[in-house]
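Have a look at input.cif; it's mmCIF, C-alpha atoms:
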```
data_my_file
#
loop_
_atom_site.group_PDB
_atom_site.id
_atom_site.type_symbol
_atom_site.label_atom_id
_atom_site.label_comp_id
_atom_site.auth_asym_id
_atom_site.auth_seq_id
_atom_site.Cartn_x
_atom_site.Cartn_y
_atom_site.Cartn_z
ATOM 1 C CA MET A 1 83.211 97.597 115.008
ATOM 2 C CA VAL A 2 84.620 95.906 111.900
ATOM 3 C CA ASP A 3 82.296 96.360 108.945
ATOM 4 C CA LEU A 4 82.476 92.829 107.570
ATOM 5 C CA LEU A 5 80.031 93.620 104.787
ATOM 6 C CA THR A 6 82.439 96.031 103.174
ATOM 7 C CA LYS A 7 85.772 94.559 104.241
ATOM 8 C CA ALA A 8 87.852 91.836 102.644
ATOM 9 C CA ALA A 9 86.990 88.364 103.922
ATOM 10 C CA PRO A 10 89.139 87.088 106.819
ATOM 11 C CA PRO A 11 91.425 84.122 106.067
ATOM 12 C CA SER A 12 90.699 80.590 107.236
ATOM 13 C CA SER A 13 93.993 80.296 109.134
ATOM 14 C CA TRP A 14 96.127 82.559 111.291
ATOM 15 C CA LEU A 15 99.624 82.709 112.730
ATOM 16 C CA LEU A 16 100.195 83.011 116.470
ATOM 17 C CA LEU A 17 103.352 84.136 118.237
ATOM 18 C CA VAL A 18 103.514 83.339 121.946
ATOM 19 C CA THR A 19 106.297 85.210 123.720
ATOM 20 C CA ASN A 20 107.983 84.841 127.086
ATOM 21 C CA LEU A 21 110.154 87.902 127.611
ATOM 22 C CA PRO A 22 112.590 88.344 130.498
ATOM 23 C CA GLY A 23 111.003 90.809 132.914
ATOM 24 C CA THR A 24 114.278 92.605 133.552
ATOM 25 C CA ASN A 25 114.906 93.431 129.880
ATOM 26 C CA LYS A 26 112.530 96.360 129.395
ATOM 27 C CA THR A 27 114.401 97.564 126.319
ATOM 28 C CA LEU A 28 113.830 94.256 124.530
ATOM 29 C CA ARG A 29 110.188 94.219 125.584
ATOM 30 C CA MET A 30 109.607 97.715 124.171
ATOM 31 C CA ARG A 31 111.493 96.937 120.931
ATOM 32 C CA ILE A 32 109.457 93.800 120.289
ATOM 33 C CA TRP A 33 106.190 95.583 121.080
ATOM 34 C CA ARG A 34 106.996 98.412 118.689
ATOM 35 C CA ALA A 35 108.064 96.048 115.906
ATOM 36 C CA LEU A 36 104.918 93.957 116.164
ATOM 37 C CA LYS A 37 102.702 97.023 116.371
ATOM 38 C CA SER A 38 104.394 98.448 113.264
ATOM 39 C CA ALA A 39 103.776 95.145 111.456
ATOM 40 C CA GLY A 40 100.076 95.367 112.353
ATOM 41 C CA ALA A 41 99.967 92.318 114.619
ATOM 42 C CA GLY A 42 96.852 91.893 116.742
ATOM 43 C CA ASN A 43 97.247 91.358 120.482
ATOM 44 C CA LEU A 44 95.138 88.460 121.810
ATOM 45 C CA ARG A 45 96.464 88.859 125.341
ATOM 46 C CA ASP A 46 99.720 89.818 127.031
ATOM 47 C CA GLY A 47 102.530 88.205 125.048
ATOM 48 C CA VAL A 48 100.284 86.554 122.437
ATOM 49 C CA TYR A 49 100.152 88.073 118.949
ATOM 50 C CA VAL A 50 98.274 87.103 115.798
ATOM 51 C CA LEU A 51 98.513 87.897 112.085
ATOM 52 C CA PRO A 52 96.578 86.643 109.067
ATOM 53 C CA GLN A 53 98.626 83.838 107.549
ATOM 54 C CA SER A 54 100.944 85.009 104.767
ATOM 55 C CA ASP A 55 104.604 84.752 103.782
ATOM 56 C CA ASN A 56 105.175 88.214 105.213
ATOM 57 C CA ALA A 57 103.538 87.238 108.527
ATOM 58 C CA HIS A 58 105.835 84.198 108.795
ATOM 59 C CA ALA A 59 108.848 86.444 108.175
ATOM 60 C CA VAL A 60 107.713 89.032 110.746
ATOM 61 C CA PHE A 61 107.169 86.476 113.502
ATOM 62 C CA ALA A 62 110.396 84.612 112.666
ATOM 63 C CA GLU A 63 112.405 87.824 112.927
ATOM 64 C CA GLN A 64 110.882 88.808 116.260
ATOM 65 C CA ALA A 65 111.242 85.264 117.625
ATOM 66 C CA ALA A 66 114.951 85.321 116.810
ATOM 67 C CA ASP A 67 115.332 88.694 118.515
ATOM 68 C CA ILE A 68 113.518 87.467 121.640
ATOM 69 C CA GLN A 69 115.576 84.277 121.849
ATOM 70 C CA ALA A 70 118.809 86.232 121.412
ATOM 71 C CA GLY A 71 117.729 88.370 124.361
ATOM 72 C CA GLY A 72 117.180 85.386 126.647
ATOM 73 C CA GLY A 73 113.445 84.933 126.112
ATOM 74 C CA GLY A 74 111.362 82.151 124.640
ATOM 75 C CA THR A 75 108.788 81.918 121.848
ATOM 76 C CA HIS A 76 106.375 79.508 120.229
ATOM 77 C CA ARG A 77 104.783 79.890 116.824
ATOM 78 C CA PHE A 78 101.577 78.197 115.737
ATOM 79 C CA THR A 79 99.301 78.031 112.745
ATOM 80 C CA LEU A 80 95.724 78.397 113.964
ATOM 81 C CA PRO A 81 92.949 77.103 111.681
ATOM 82 C CA ALA A 82 89.495 78.594 112.153
ATOM 83 C CA GLU A 83 87.388 76.302 114.313
ATOM 84 C CA SER A 84 84.053 77.940 113.489
ATOM 85 C CA ALA A 85 82.505 80.375 111.052
ATOM 86 C CA ASP A 86 82.498 83.088 113.721
ATOM 87 C CA GLN A 87 86.134 82.821 114.738
ATOM 88 C CA PRO A 88 87.674 84.556 111.668
ATOM 89 C CA GLN A 89 85.320 87.492 112.149
ATOM 90 C CA ALA A 90 86.230 87.744 115.830
ATOM 91 C CA LEU A 91 89.939 87.729 115.031
ATOM 92 C CA ALA A 92 89.476 90.214 112.195
ATOM 93 C CA ALA A 93 88.043 92.654 114.727
ATOM 94 C CA LEU A 94 91.549 92.939 116.198
ATOM 95 C CA PHE A 95 92.659 94.589 112.956
ATOM 96 C CA ASP A 96 90.001 97.276 112.638
ATOM 97 C CA ARG A 97 91.822 100.464 111.538
ATOM 98 C CA THR A 98 88.792 102.760 111.629
ATOM 99 C CA ALA A 99 90.049 104.810 114.597
ATOM 100 C CA GLU A 100 93.451 105.272 112.963
ATOM 101 C CA TYR A 101 91.873 106.423 109.702
ATOM 102 C CA GLN A 102 89.643 108.816 111.663
ATOM 103 C CA GLU A 103 92.653 110.345 113.428
ATOM 104 C CA ILE A 104 94.335 110.975 110.071
ATOM 105 C CA ASN A 105 91.125 112.408 108.645
ATOM 106 C CA ASN A 106 90.929 114.842 111.570
ATOM 107 C CA ARG A 107 94.449 116.040 110.779
ATOM 108 C CA LEU A 108 93.587 116.324 107.102
ATOM 109 C CA GLN A 109 90.477 118.400 107.713
ATOM 110 C CA ALA A 110 92.380 120.682 110.102
ATOM 111 C CA ALA A 111 95.045 121.254 107.444
ATOM 112 C CA ARG A 112 92.399 122.092 104.850
ATOM 113 C CA LYS A 113 90.772 124.619 107.191
ATOM 114 C CA GLU A 114 94.116 126.323 107.734
ATOM 115 C CA LEU A 115 95.188 126.163 104.086
ATOM 116 C CA ALA A 116 94.673 129.875 103.423
ATOM 117 C CA THR A 117 97.006 130.815 106.289
ATOM 118 C CA LEU A 118 99.768 128.263 105.685
ATOM 119 C CA SER A 119 102.965 128.874 103.764
ATOM 120 C CA GLU A 120 103.593 126.476 100.911
ATOM 121 C CA LEU A 121 106.427 124.817 102.828
ATOM 122 C CA ASP A 122 104.280 124.193 105.907
ATOM 123 C CA ALA A 123 101.278 123.083 103.861
ATOM 124 C CA ARG A 124 103.252 120.626 101.736
ATOM 125 C CA ARG A 125 105.023 119.228 104.799
ATOM 126 C CA ARG A 126 101.746 118.625 106.594
ATOM 127 C CA LEU A 127 100.166 116.987 103.568
ATOM 128 C CA ALA A 128 103.259 114.823 103.000
ATOM 129 C CA ALA A 129 103.219 113.677 106.632
ATOM 130 C CA ILE A 130 99.520 112.813 106.389
ATOM 131 C CA ALA A 131 100.062 110.908 103.133
ATOM 132 C CA ARG A 132 103.018 109.031 104.657
ATOM 133 C CA ASP A 133 100.993 108.003 107.711
ATOM 134 C CA MET A 134 98.072 106.998 105.507
ATOM 135 C CA THR A 135 100.346 104.725 103.462
ATOM 136 C CA ALA A 136 101.725 103.161 106.648
ATOM 137 C CA ILE A 137 98.242 102.298 107.892
ATOM 138 C CA GLU A 138 97.191 100.945 104.496
ATOM 139 C CA ALA A 139 100.173 98.571 104.650
ATOM 140 C CA ILE A 140 98.768 96.917 107.789
ATOM 141 C CA ASP A 141 95.080 97.187 106.921
ATOM 142 C CA PHE A 142 94.582 93.517 106.134
ATOM 143 C CA PHE A 143 90.803 93.835 105.713
ATOM 144 C CA PRO A 144 90.313 97.145 103.899
ATOM 145 C CA GLY A 145 86.829 98.585 103.706
ATOM 146 C CA SER A 146 84.957 101.834 103.395
ATOM 147 C CA PRO A 147 87.014 103.898 105.927
ATOM 148 C CA ARG A 148 90.152 103.368 103.859
ATOM 149 C CA ALA A 149 88.416 104.210 100.586
ATOM 150 C CA GLN A 150 86.779 107.316 102.060
ATOM 151 C CA LEU A 151 90.030 108.651 103.484
ATOM 152 C CA ARG A 152 91.914 107.942 100.266
ATOM 153 C CA GLY A 153 89.303 109.974 98.394
ATOM 154 C CA ALA A 154 89.520 112.803 100.948
ATOM 155 C CA LEU A 155 93.308 112.845 100.643
ATOM 156 C CA GLU A 156 93.118 113.046 96.852
ATOM 157 C CA ASP A 157 90.644 115.936 97.129
ATOM 158 C CA ALA A 158 92.984 117.714 99.552
ATOM 159 C CA GLU A 159 95.934 117.282 97.186
ATOM 160 C CA VAL A 160 93.904 118.901 94.422
ATOM 161 C CA ALA A 161 93.031 121.800 96.747
ATOM 162 C CA PHE A 162 96.670 122.249 97.771
ATOM 163 C CA ASN A 163 97.812 122.214 94.144
ATOM 164 C CA ARG A 164 95.206 124.825 93.213
ATOM 165 C CA ARG A 165 96.425 127.004 96.083
ATOM 166 C CA PHE A 166 100.147 126.741 95.383
ATOM 167 C CA SER A 167 100.288 125.637 91.731
ATOM 168 C CA PRO A 168 97.562 127.604 89.952
ATOM 169 C CA ASN A 169 96.566 127.064 86.346
ATOM 170 C CA GLU A 170 96.818 123.290 86.543
ATOM 171 C CA PRO A 171 95.698 121.919 83.164
ATOM 172 C CA THR A 172 92.262 120.473 82.565
ATOM 173 C CA ALA A 173 92.366 117.036 80.942
ATOM 174 C CA VAL A 174 91.298 116.905 77.303
ATOM 175 C CA HIS A 175 89.918 113.956 75.371
ATOM 176 C CA ARG A 176 91.946 113.110 72.315
ATOM 177 C CA ARG A 177 94.120 110.414 70.803
ATOM 178 C CA VAL A 178 97.773 110.407 71.849
ATOM 179 C CA GLY A 179 99.650 110.004 68.570
ATOM 180 C CA ARG A 180 103.157 108.596 68.119
ATOM 181 C CA LEU A 181 105.846 111.204 67.353
ATOM 182 C CA GLU A 182 109.420 110.972 66.073
ATOM 183 C CA ARG A 183 112.074 112.228 68.459
ATOM 184 C CA THR A 184 114.192 113.351 65.522
ATOM 185 C CA ASN A 185 111.648 116.121 64.897
ATOM 186 C CA TYR A 186 112.022 117.442 68.451
ATOM 187 C CA GLN A 187 115.744 118.054 68.777
ATOM 188 C CA ARG A 188 117.402 121.261 70.021
ATOM 189 C CA ARG A 189 114.034 122.802 70.631
ATOM 190 C CA THR A 190 112.734 125.313 73.143
ATOM 191 C CA TRP A 191 110.158 123.920 75.565
ATOM 192 C CA ALA A 192 107.875 126.094 77.670
ATOM 193 C CA THR A 193 105.783 125.515 80.773
ATOM 194 C CA ARG A 194 104.517 127.394 83.813
ATOM 195 C CA GLU A 195 107.083 128.723 86.273
ATOM 196 C CA ARG A 196 107.519 127.479 89.866
ATOM 197 C CA LEU A 197 107.834 123.861 88.862
ATOM 198 C CA TRP A 198 105.942 121.192 90.727
ATOM 199 C CA ILE A 199 105.913 117.412 90.294
ATOM 200 C CA ASP A 200 104.485 116.890 86.798
ATOM 201 C CA ARG A 201 106.349 119.827 85.279
ATOM 202 C CA VAL A 202 109.756 119.130 86.795
ATOM 203 C CA CYS A 203 109.542 115.401 86.034
ATOM 204 C CA SER A 204 108.387 116.157 82.486
ATOM 205 C CA ALA A 205 111.313 118.537 82.009
ATOM 206 C CA TRP A 206 113.674 115.826 83.305
ATOM 207 C CA LEU A 207 112.089 113.320 80.900
ATOM 208 C CA ILE A 208 112.436 115.689 77.941
ATOM 209 C CA ARG A 209 116.112 116.338 78.589
ATOM 210 C CA ARG A 210 117.015 112.738 79.394
ATOM 211 C CA PHE A 211 115.007 110.843 76.767
ATOM 212 C CA ILE A 212 113.570 113.148 74.104
ATOM 213 C CA ASP A 213 115.688 116.243 73.460
ATOM 214 C CA ARG A 214 119.032 116.130 75.255
ATOM 215 C CA GLU A 215 119.857 119.706 74.231
ATOM 216 C CA ALA A 216 116.445 121.083 75.155
ATOM 217 C CA LYS A 217 116.170 124.664 76.343
ATOM 218 C CA PHE A 218 113.409 125.587 78.753
ATOM 219 C CA VAL A 219 111.349 128.731 79.222
ATOM 220 C CA TRP A 220 109.477 129.073 82.516
ATOM 221 C CA LEU A 221 106.417 131.215 81.965
ATOM 222 C CA LYS A 222 105.043 133.711 84.430
ATOM 223 C CA ARG A 223 102.198 134.348 81.958
ATOM 224 C CA LEU A 224 101.134 131.727 79.429
ATOM 225 C CA GLU A 225 100.634 134.377 76.771
ATOM 226 C CA ASP A 226 104.373 135.116 76.893
ATOM 227 C CA ARG A 227 105.257 131.731 75.384
ATOM 228 C CA PRO A 228 107.635 132.135 72.408
ATOM 229 C CA LYS A 229 105.876 131.280 69.163
ATOM 230 C CA ARG A 230 108.128 128.352 68.252
ATOM 231 C CA ALA A 231 108.367 126.948 71.777
ATOM 232 C CA ILE A 232 106.771 123.571 72.485
ATOM 233 C CA GLY A 233 104.340 123.913 75.363
ATOM 234 C CA PHE A 234 103.774 121.308 78.061
ATOM 235 C CA ASP A 235 101.553 120.985 81.117
ATOM 236 C CA PHE A 236 99.126 123.851 80.634
ATOM 237 C CA ASP A 237 95.796 124.261 78.872
ATOM 238 C CA GLY A 238 96.311 124.524 75.119
ATOM 239 C CA ALA A 239 99.826 123.057 75.247
ATOM 240 C CA GLN A 240 100.887 120.408 72.741
ATOM 241 C CA PHE A 241 101.620 118.081 75.647
ATOM 242 C CA THR A 242 99.204 118.229 78.560
ATOM 243 C CA HIS A 243 96.758 116.051 80.507
ATOM 244 C CA VAL A 244 94.814 113.710 78.215
ATOM 245 C CA ASP A 245 91.915 111.717 79.659
ATOM 246 C CA THR A 246 93.361 110.049 82.762
ATOM 247 C CA LYS A 247 97.015 110.615 81.845
ATOM 248 C CA VAL A 248 99.137 113.422 83.281
ATOM 249 C CA THR A 249 101.646 115.277 81.116
ATOM 250 C CA PHE A 250 104.581 113.008 82.019
ATOM 251 C CA GLU A 251 102.595 109.956 80.920
ATOM 252 C CA VAL A 252 101.479 111.673 77.707
ATOM 253 C CA LEU A 253 105.102 112.467 76.826
ATOM 254 C CA VAL A 254 106.124 108.868 77.501
ATOM 255 C CA MET A 255 103.392 107.547 75.217
ATOM 256 C CA SER A 256 103.907 110.195 72.527
ATOM 257 C CA PHE A 257 107.548 109.256 72.040
ATOM 258 C CA GLY A 258 107.193 105.481 72.317
ATOM 259 C CA LEU A 259 108.820 105.140 75.732
ATOM 260 C CA GLU A 260 106.055 103.212 77.485
ATOM 261 C CA ASP A 261 107.939 99.879 77.360
ATOM 262 C CA ASP A 262 110.664 101.261 79.629
ATOM 263 C CA PRO A 263 109.820 99.824 83.090
ATOM 264 C CA GLY A 264 111.649 102.625 84.880
ATOM 265 C CA LEU A 265 109.614 105.312 83.132
ATOM 266 C CA ALA A 266 106.387 103.363 83.646
ATOM 267 C CA ARG A 267 106.958 103.308 87.407
ATOM 268 C CA LEU A 268 108.016 106.949 87.453
ATOM 269 C CA GLY A 269 104.835 107.747 85.558
ATOM 270 C CA ALA A 270 102.776 106.045 88.267
ATOM 271 C CA LEU A 271 104.559 108.132 90.911
ATOM 272 C CA VAL A 272 103.997 111.403 89.039
ATOM 273 C CA HIS A 273 100.368 110.482 88.432
ATOM 274 C CA PHE A 274 99.763 109.797 92.114
ATOM 275 C CA LEU A 275 101.403 113.025 93.263
ATOM 276 C CA ASP A 276 99.709 115.148 90.611
ATOM 277 C CA VAL A 277 96.139 113.858 90.527
ATOM 278 C CA GLY A 278 95.966 111.060 93.105
ATOM 279 C CA GLY A 279 95.230 107.395 92.569
ATOM 280 C CA ILE A 280 97.219 104.317 93.569
ATOM 281 C CA PRO A 281 99.752 105.203 96.309
ATOM 282 C CA VAL A 282 103.467 104.878 95.544
ATOM 283 C CA PRO A 283 105.821 104.325 98.512
ATOM 284 C CA GLU A 284 108.503 106.691 97.220
ATOM 285 C CA ALA A 285 106.050 109.516 96.529
ATOM 286 C CA PRO A 286 106.408 111.403 99.847
ATOM 287 C CA GLY A 287 110.196 111.400 99.503
ATOM 288 C CA ILE A 288 110.168 112.815 95.986
ATOM 289 C CA ALA A 289 107.570 115.395 96.966
ATOM 290 C CA ALA A 290 109.794 116.473 99.867
ATOM 291 C CA ILE A 291 112.818 116.789 97.571
ATOM 292 C CA VAL A 292 110.932 118.952 95.064
ATOM 293 C CA LEU A 293 109.394 121.016 97.834
ATOM 294 C CA GLY A 294 112.807 121.638 99.372
ATOM 295 C CA ALA A 295 114.187 122.643 95.985
ATOM 296 C CA ARG A 296 111.315 125.082 95.454
ATOM 297 C CA ALA A 297 112.098 126.658 98.811
ATOM 298 C CA THR A 298 115.876 126.886 98.407
ATOM 299 C CA GLN A 299 116.718 127.258 94.720
ATOM 300 C CA PRO A 300 116.818 130.752 93.185
ATOM 301 C CA ASN A 301 114.991 129.835 89.965
ATOM 302 C CA ASP A 302 113.476 126.956 88.023
ATOM 303 C CA ASP A 303 116.685 126.193 86.117
ATOM 304 C CA ALA A 304 118.419 125.604 89.428
ATOM 305 C CA LEU A 305 115.441 123.628 90.719
ATOM 306 C CA LEU A 306 115.543 121.245 87.752
ATOM 307 C CA LEU A 307 119.298 120.860 88.128
ATOM 308 C CA SER A 308 119.016 120.109 91.843
ATOM 309 C CA VAL A 309 116.348 117.401 91.574
ATOM 310 C CA THR A 310 117.830 115.694 88.497
ATOM 311 C CA PRO A 311 120.202 113.408 90.479
ATOM 312 C CA ALA A 312 117.313 112.165 92.626
ATOM 313 C CA LEU A 313 115.200 111.415 89.544
ATOM 314 C CA ASP A 314 118.168 109.756 87.828
ATOM 315 C CA GLY A 315 118.711 107.531 90.853
ATOM 316 C CA LEU A 316 115.044 106.640 91.237
ATOM 317 C CA TYR A 317 114.751 105.831 87.529
ATOM 318 C CA HIS A 318 117.801 103.536 87.758
ATOM 319 C CA THR A 319 116.331 101.755 90.782
ATOM 320 C CA TYR A 320 112.935 101.364 89.137
ATOM 321 C CA ARG A 321 114.459 100.077 85.932
ATOM 322 C CA THR A 322 116.771 97.534 87.561
ATOM 323 C CA THR A 323 114.267 96.209 90.110
ATOM 324 C CA ALA A 324 111.201 96.021 87.870
#
```
Starting from the file, lay out its structure as structure tokens.
Amino acid sequence: MVDLLTKAAPPSSWLLLVTNLPGTNKTLRMRIWRALKSAGAGNLRDGVYVLPQSDNAHAVFAEQAADIQAGGGGTHRFTLPAESADQPQALAALFDRTAEYQEINNRLQAARKELATLSELDARRRLAAIARDMTAIEAIDFFPGSPRAQLRGALEDAEVAFNRRFSPNEPTAVHRRVGRLERTNYQRRTWATRERLWIDRVCSAWLIRRFIDREAKFVWLKRLEDRPKRAIGFDFDGAQFTHVDTKVTFEVLVMSFGLEDDPGLARLGALVHFLDVGGIPVPEAPGIAAIVLGARATQPNDDALLLSVTPALDGLYHTYRTTA
């Protein structure tokens, strides 16, 4: 049952798509069904679909109507105003995603139970698949409520557990002011962080070399106590650059060197934040996580890992900056 006390209020008008598909064209019928299901359309009865009114809903139904008509079928589209106070609630019940969230939660809990026996590659793949499916359901959850919030919290907790298992010594956030620094004082320096780079560390290293110290040299530490005395530490407890309050190391570096007005870096920061400590989902996050995970599994060392993921980060930064 839809929990209307905790879900967003249903709209006062809806869009209906009435379809008449040729019975002999089973391929078209299946394609339309899959497309409408993927878009989150509710099924009132055979061949009649509904969506909450929005620009995206108009576009979805227009696209499917054109496909049906091209295949020899017929369609009608209507705007349906609510005729009573109860009707929006009845229609909203068609969009209850509780069962879908529960199925994902079952997969998540199973993965957590098996965490100790999984390889990093298998564990990261399973978590990435769960996160991807969660994002897909969120995109069609038009009346989000407590099931979505609970699963998002459980997924964030699982990501923390996975990071502790495969990326130990994650830094603990400190409370302090992030001061502004001059890049001219940080040129041709040696920078040090923990070995076996994961999201925040590899993206921070990319940021350092691209925007702060283009001739930076990196030391990847097996033991933190082996850090060279003059090396600048990042992303570990006691490092000059680490988690501060709610900001991850990448975000702290951006703020420290006055780069926060760059829209590409701001969006990259949101991605790194989500993958490192959770929060607001970013559509590209599973793809970047998969790229870094693949590099960890195939590259011989962290220098090679950074080199291999740099083109992907360059491309994503360019896209973020030019489409902001």
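Considering the residues A:Ala231, A:Ala110, A:Leu121, A:Ile104 and counting all atoms listed in the file, Thr298 of chain A has its shortest atom-to-atom contact with A:Leu121.
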Using all atoms listed in the file, which protein or nucleic acid residues come within 8 Å of Val48 of chain A? Drop anything in the same chain fewer than 4 positions from it, and give the result as a compact mmCIF listing (two decimals) with C-alpha atoms, keeping the file's coordinate frame.
```
# COMPACT_ATOMS: atom_id res chain seq x y z
CA LEU A 16 100.20 83.01 116.47
CA LEU A 17 103.35 84.14 118.24
CA VAL A 18 103.51 83.34 121.95
CA THR A 19 106.30 85.21 123.72
CA ASN A 43 97.25 91.36 120.48
CA LEU A 44 95.14 88.46 121.81
```
Would you list the contacts of segment 33-40 of chain A as a list in words, taking every protein, DNA or RNA residue within 8 Å and counting only C-alpha atoms, but skipping same-chain residues closer than 5 positions in sequence?
->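 Once the nearby chain positions are removed, what remains is Leu51, Val60, Gln64, Phe95, Ile140 and Asp141 of chain A.
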Point-to-point distance from atom CA of Asp200 of chain A to atom CA of Arg148 of chain A, Å rounded to tenths =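 Distance reported for this atom pair: 26.1 Å.
Across the structure, atom CA of Ala312 of chain A and atom CA of Ala123 of chain A are spaced 22.4 Å apart.
The spacing separating atom CA of Gly315 of chain A from atom CA of Asp302 of chain A amounts to 20.3 Å.
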Evaluate the PyMOL selection byres ((chain A and resi 197) around 9) and report residues as a VMD selection string | chain A and resid 167 193 to 196 198 to 202 220 292 296 302 305 to 306
Ground truth for the PyMOL selection byres ((chain A and resi 230) around 10), written as a compact mmCIF listing (two decimals) with C-alpha atoms, keeping the file's coordinate frame:
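Wrote it out as part37.txt, contents follow:
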```txt
# COMPACT_ATOMS: atom_id res chain seq x y z
CA ARG A 189 114.03 122.80 70.63
CA THR A 190 112.73 125.31 73.14
CA TRP A 191 110.16 123.92 75.56
CA ALA A 192 107.88 126.09 77.67
CA ARG A 227 105.26 131.73 75.38
CA PRO A 228 107.64 132.14 72.41
CA LYS A 229 105.88 131.28 69.16
CA ALA A 231 108.37 126.95 71.78
CA ILE A 232 106.77 123.57 72.48
CA GLY A 233 104.34 123.91 75.36
```
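Applied to the shown file, the PyMOL selection byres ((chain A and resi 169) around 10) selects the residues A:Asn163, A:Arg164, A:Arg165, A:Phe166, A:Ser167, A:Pro168, A:Glu170, A:Pro171, A:Thr172, A:Arg194, A:Leu224, A:Asp235, A:Phe236, A:Asp237.
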Just-selected residues, C-alpha atoms written as a tab-separated table (two decimals), keeping the file's coordinate frame:
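Saved the output as selection02.tsv:
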```tsv
chain	number	residue	atom	x	y	z
A	163	ASN	CA	97.81	122.21	94.14
A	164	ARG	CA	95.21	124.82	93.21
A	165	ARG	CA	96.42	127.00	96.08
A	166	PHE	CA	100.15	126.74	95.38
A	167	SER	CA	100.29	125.64	91.73
A	168	PRO	CA	97.56	127.60	89.95
A	170	GLU	CA	96.82	123.29	86.54
A	171	PRO	CA	95.70	121.92	83.16
A	172	THR	CA	92.26	120.47	82.56
A	194	ARG	CA	104.52	127.39	83.81
A	224	LEU	CA	101.13	131.73	79.43
A	235	ASP	CA	101.55	120.98	81.12
A	236	PHE	CA	99.13	123.85	80.63
A	237	ASP	CA	95.80	124.26	78.87
```
Up to 10 Å from (117.5, 120.8, 85.0) in the file's coordinates: name the residues, counting all atoms listed in the file, as a PyMOL selection string.
-> chain A and resi 202-203+205-206+209-210+216-218+302-311
Counting all atoms listed in the file, what is within 8 Å of segment 173-182 of chain A, bar same-chain residues fewer than 5 positions away, as a VMD selection string?
-> chain A and resid 242 to 247 252 255 to 258
Could you dump the residues just selected with C-alpha atoms as a JSON list (two decimals), in the coordinates of the input?
```json
[["chain", "number", "residue", "atom", "x", "y", "z"],
["A", 242, "THR", "CA", 99.20, 118.23, 78.56],
["A", 243, "HIS", "CA", 96.76, 116.05, 80.51],
["A", 244, "VAL", "CA", 94.81, 113.71, 78.22],
["A", 245, "ASP", "CA", 91.92, 111.72, 79.66],
["A", 246, "THR", "CA", 93.36, 110.05, 82.76],
["A", 247, "LYS", "CA", 97.02, 110.62, 81.84],
["A", 252, "VAL", "CA", 101.48, 111.67, 77.71],
["A", 255, "MET", "CA", 103.39, 107.55, 75.22],
["A", 256, "SER", "CA", 103.91, 110.20, 72.53],
["A", 257, "PHE", "CA", 107.55, 109.26, 72.04],
["A", 258, "GLY", "CA", 107.19, 105.48, 72.32]]
```
